[in-house]
Amino acid sequence: QVQLVESGGGLVQPGGSLRLSCAASGRTFSRSAMGWFRQVPGKEREFVGAIRWASGNTYLPDSVKGRFTISRDNAKNTMYLQMNSLKPEDTAVYYCALYRPNQIVSTYYTDRAVESWGQGTQVTVSS
């Protein structure tokens, strides 16, 4: 059973930075991708970014491109989301996700191919 444990959320002022971590365990991920989603109450979960574990290729939506970056540490089985220039509209619960193996890139942008979810971590951007 795959386990995903997130950390790094908190309160930050607009324009500030945070780094989220997602530690994964349970199986190998060489044929998988991992991603980040976020959700605010009353809205659907929103794709924030994804990374293919083997290649390190990343995919981010326009809403965060240029401000957020995704990386991974193979040795630690950990994925990171570096968030810079944060805005109040980035406030949400952020979830780490593991996709089922061998998915095509277009599936990363939805949660239909997600195999496992982390517990979520709150990010609040406010002065």
# chains A, B, ... in the order shown; residues from 1 in each chain; ligands from 1
call {"tool": "residues_around", "arguments": {"residues": "Gln13 (chain A)", "least_positions_apart": "6", "cutoff": "9 Å", "atoms": "only C-alpha atoms", "output": "PyMOL selection string"}}
result
chain A and resi 86-88+124-127
call {"tool": "write_last_selection", "arguments": {"atoms": "N, CA and C atoms", "output": "PDB file, in the first residue's frame"}}
result
ATOM      1  N   LEU A  86       3.741  34.097  -3.578  1.00  0.00           N
ATOM      2  CA  LEU A  86       2.411  33.593  -3.237  1.00  0.00           C
ATOM      3  C   LEU A  86       1.386  34.715  -3.181  1.00  0.00           C
ATOM      4  N   LYS A  87       0.167  34.354  -3.574  1.00  0.00           N
ATOM      5  CA  LYS A  87      -0.948  35.290  -3.612  1.00  0.00           C
ATOM      6  C   LYS A  87      -2.070  34.780  -2.711  1.00  0.00           C
ATOM      7  N   PRO A  88      -2.934  35.665  -2.249  1.00  0.00           N
ATOM      8  CA  PRO A  88      -4.050  35.197  -1.416  1.00  0.00           C
ATOM      9  C   PRO A  88      -4.883  34.112  -2.104  1.00  0.00           C
ATOM     10  N   THR A 124      -2.026  29.015   3.769  1.00  0.00           N
ATOM     11  CA  THR A 124      -2.807  30.248   3.895  1.00  0.00           C
ATOM     12  C   THR A 124      -1.907  31.435   3.562  1.00  0.00           C
ATOM     13  N   VAL A 125      -2.341  32.221   2.593  1.00  0.00           N
ATOM     14  CA  VAL A 125      -1.584  33.400   2.187  1.00  0.00           C
ATOM     15  C   VAL A 125      -2.396  34.625   2.594  1.00  0.00           C
ATOM     16  N   SER A 126      -1.896  35.322   3.586  1.00  0.00           N
ATOM     17  CA  SER A 126      -2.646  36.449   4.142  1.00  0.00           C
ATOM     18  C   SER A 126      -1.708  37.383   4.878  1.00  0.00           C
ATOM     19  N   SER A 127      -2.057  38.662   4.849  1.00  0.00           N
ATOM     20  CA  SER A 127      -1.284  39.636   5.608  1.00  0.00           C
ATOM     21  C   SER A 127      -1.904  39.849   6.984  1.00  0.00           C
TER      22      SER A 127
END
call {"tool": "closest_residue", "arguments": {"among": "A:Thr58, A:Thr110, A:Thr121, A:Gln39", "to": "Leu11 (chain A)", "atoms": "only C-alpha atoms"}}
result
A:Thr121
call {"tool": "closest_residue", "arguments": {"among": "A:Gly26, A:Pro41, A:Gly8, A:Gly49", "to": "Thr107 (chain A)", "atoms": "only C-alpha atoms"}}
result
A:Gly49
call {"tool": "select_by_dssp", "arguments": {"residues": "chain A", "states": "strand (DSSP E or B)", "output": "PyMOL selection string"}}
result
chain A and resi 3-7+10-12+18-25+33-39+46-52+58-59+65+68-73+78-83+92-99+114-117+121-125
call {"tool": "closest_residue", "arguments": {"among": "A:Ala23, A:Ala50, A:Val5, A:Val12", "to": "Val114 (chain A)", "atoms": "only C-alpha atoms"}}
result
A:Ala50
call {"tool": "residues_around", "arguments": {"residues": "Arg100 (chain A)", "least_positions_apart": "2", "cutoff": "12 Å", "atoms": "only C-alpha atoms", "output": "ChimeraX atom specification"}}
result
/A:2,27-35,52-53,97-98,102-105,107-108,111-117
call {"tool": "atom_distance", "arguments": {"atom1": "CA of Gln122 (chain A)", "atom2": "CA of Gly66 (chain A)"}}
result
21.6 Å
call {"tool": "atom_distance", "arguments": {"atom1": "CA of Leu81 (chain A)", "atom2": "CA of Gln119 (chain A)"}}
result
15.5 Å
call {"tool": "closest_residue", "arguments": {"among": "A:Ala24, A:Leu4, A:Leu18, A:Val123", "to": "Thr91 (chain A)", "atoms": "only C-alpha atoms"}}
result
A:Val123
call {"tool": "residues_around", "arguments": {"residues": "Tyr94 (chain A)", "least_positions_apart": "4", "cutoff": "6 Å", "atoms": "only C-alpha atoms", "output": "PyMOL selection string"}}
result
chain A and resi 37-38+120-121
call {"tool": "write_last_selection", "arguments": {"atoms": "all heavy atoms", "output": "PDB file, in the first residue's frame"}}
result
ATOM      1  N   PHE A  37      -2.293  18.829  -6.123  1.00  0.00           N
ATOM      2  CA  PHE A  37      -3.587  19.456  -6.357  1.00  0.00           C
ATOM      3  C   PHE A  37      -3.894  20.351  -5.163  1.00  0.00           C
ATOM      4  O   PHE A  37      -3.300  20.200  -4.103  1.00  0.00           O
ATOM      5  CB  PHE A  37      -4.695  18.395  -6.484  1.00  0.00           C
ATOM      6  CG  PHE A  37      -4.643  17.598  -7.766  1.00  0.00           C
ATOM      7  CD1 PHE A  37      -3.711  16.582  -7.935  1.00  0.00           C
ATOM      8  CD2 PHE A  37      -5.523  17.864  -8.797  1.00  0.00           C
ATOM      9  CE1 PHE A  37      -3.661  15.836  -9.114  1.00  0.00           C
ATOM     10  CE2 PHE A  37      -5.483  17.128  -9.972  1.00  0.00           C
ATOM     11  CZ  PHE A  37      -4.556  16.116 -10.127  1.00  0.00           C
ATOM     12  N   ARG A  38      -4.827  21.247  -5.351  1.00  0.00           N
ATOM     13  CA  ARG A  38      -5.263  22.070  -4.222  1.00  0.00           C
ATOM     14  C   ARG A  38      -6.778  22.233  -4.285  1.00  0.00           C
ATOM     15  O   ARG A  38      -7.386  22.125  -5.353  1.00  0.00           O
ATOM     16  CB  ARG A  38      -4.575  23.435  -4.231  1.00  0.00           C
ATOM     17  CG  ARG A  38      -4.910  24.316  -5.419  1.00  0.00           C
ATOM     18  CD  ARG A  38      -4.030  25.565  -5.405  1.00  0.00           C
ATOM     19  NE  ARG A  38      -4.338  26.458  -6.527  1.00  0.00           N
ATOM     20  CZ  ARG A  38      -3.629  27.542  -6.827  1.00  0.00           C
ATOM     21  NH1 ARG A  38      -2.558  27.872  -6.090  1.00  0.00           N
ATOM     22  NH2 ARG A  38      -3.977  28.297  -7.847  1.00  0.00           N
ATOM     23  N   GLY A 120      -3.222  15.971   2.907  1.00  0.00           N
ATOM     24  CA  GLY A 120      -3.447  17.385   2.680  1.00  0.00           C
ATOM     25  C   GLY A 120      -2.742  18.250   3.704  1.00  0.00           C
ATOM     26  O   GLY A 120      -2.579  17.863   4.862  1.00  0.00           O
ATOM     27  N   THR A 121      -2.315  19.437   3.254  1.00  0.00           N
ATOM     28  CA  THR A 121      -1.680  20.391   4.147  1.00  0.00           C
ATOM     29  C   THR A 121      -2.204  21.788   3.800  1.00  0.00           C
ATOM     30  O   THR A 121      -2.306  22.148   2.618  1.00  0.00           O
ATOM     31  CB  THR A 121      -0.146  20.314   4.059  1.00  0.00           C
ATOM     32  OG1 THR A 121       0.442  21.172   5.036  1.00  0.00           O
ATOM     33  CG2 THR A 121       0.371  20.710   2.689  1.00  0.00           C
TER      34      THR A 121
END
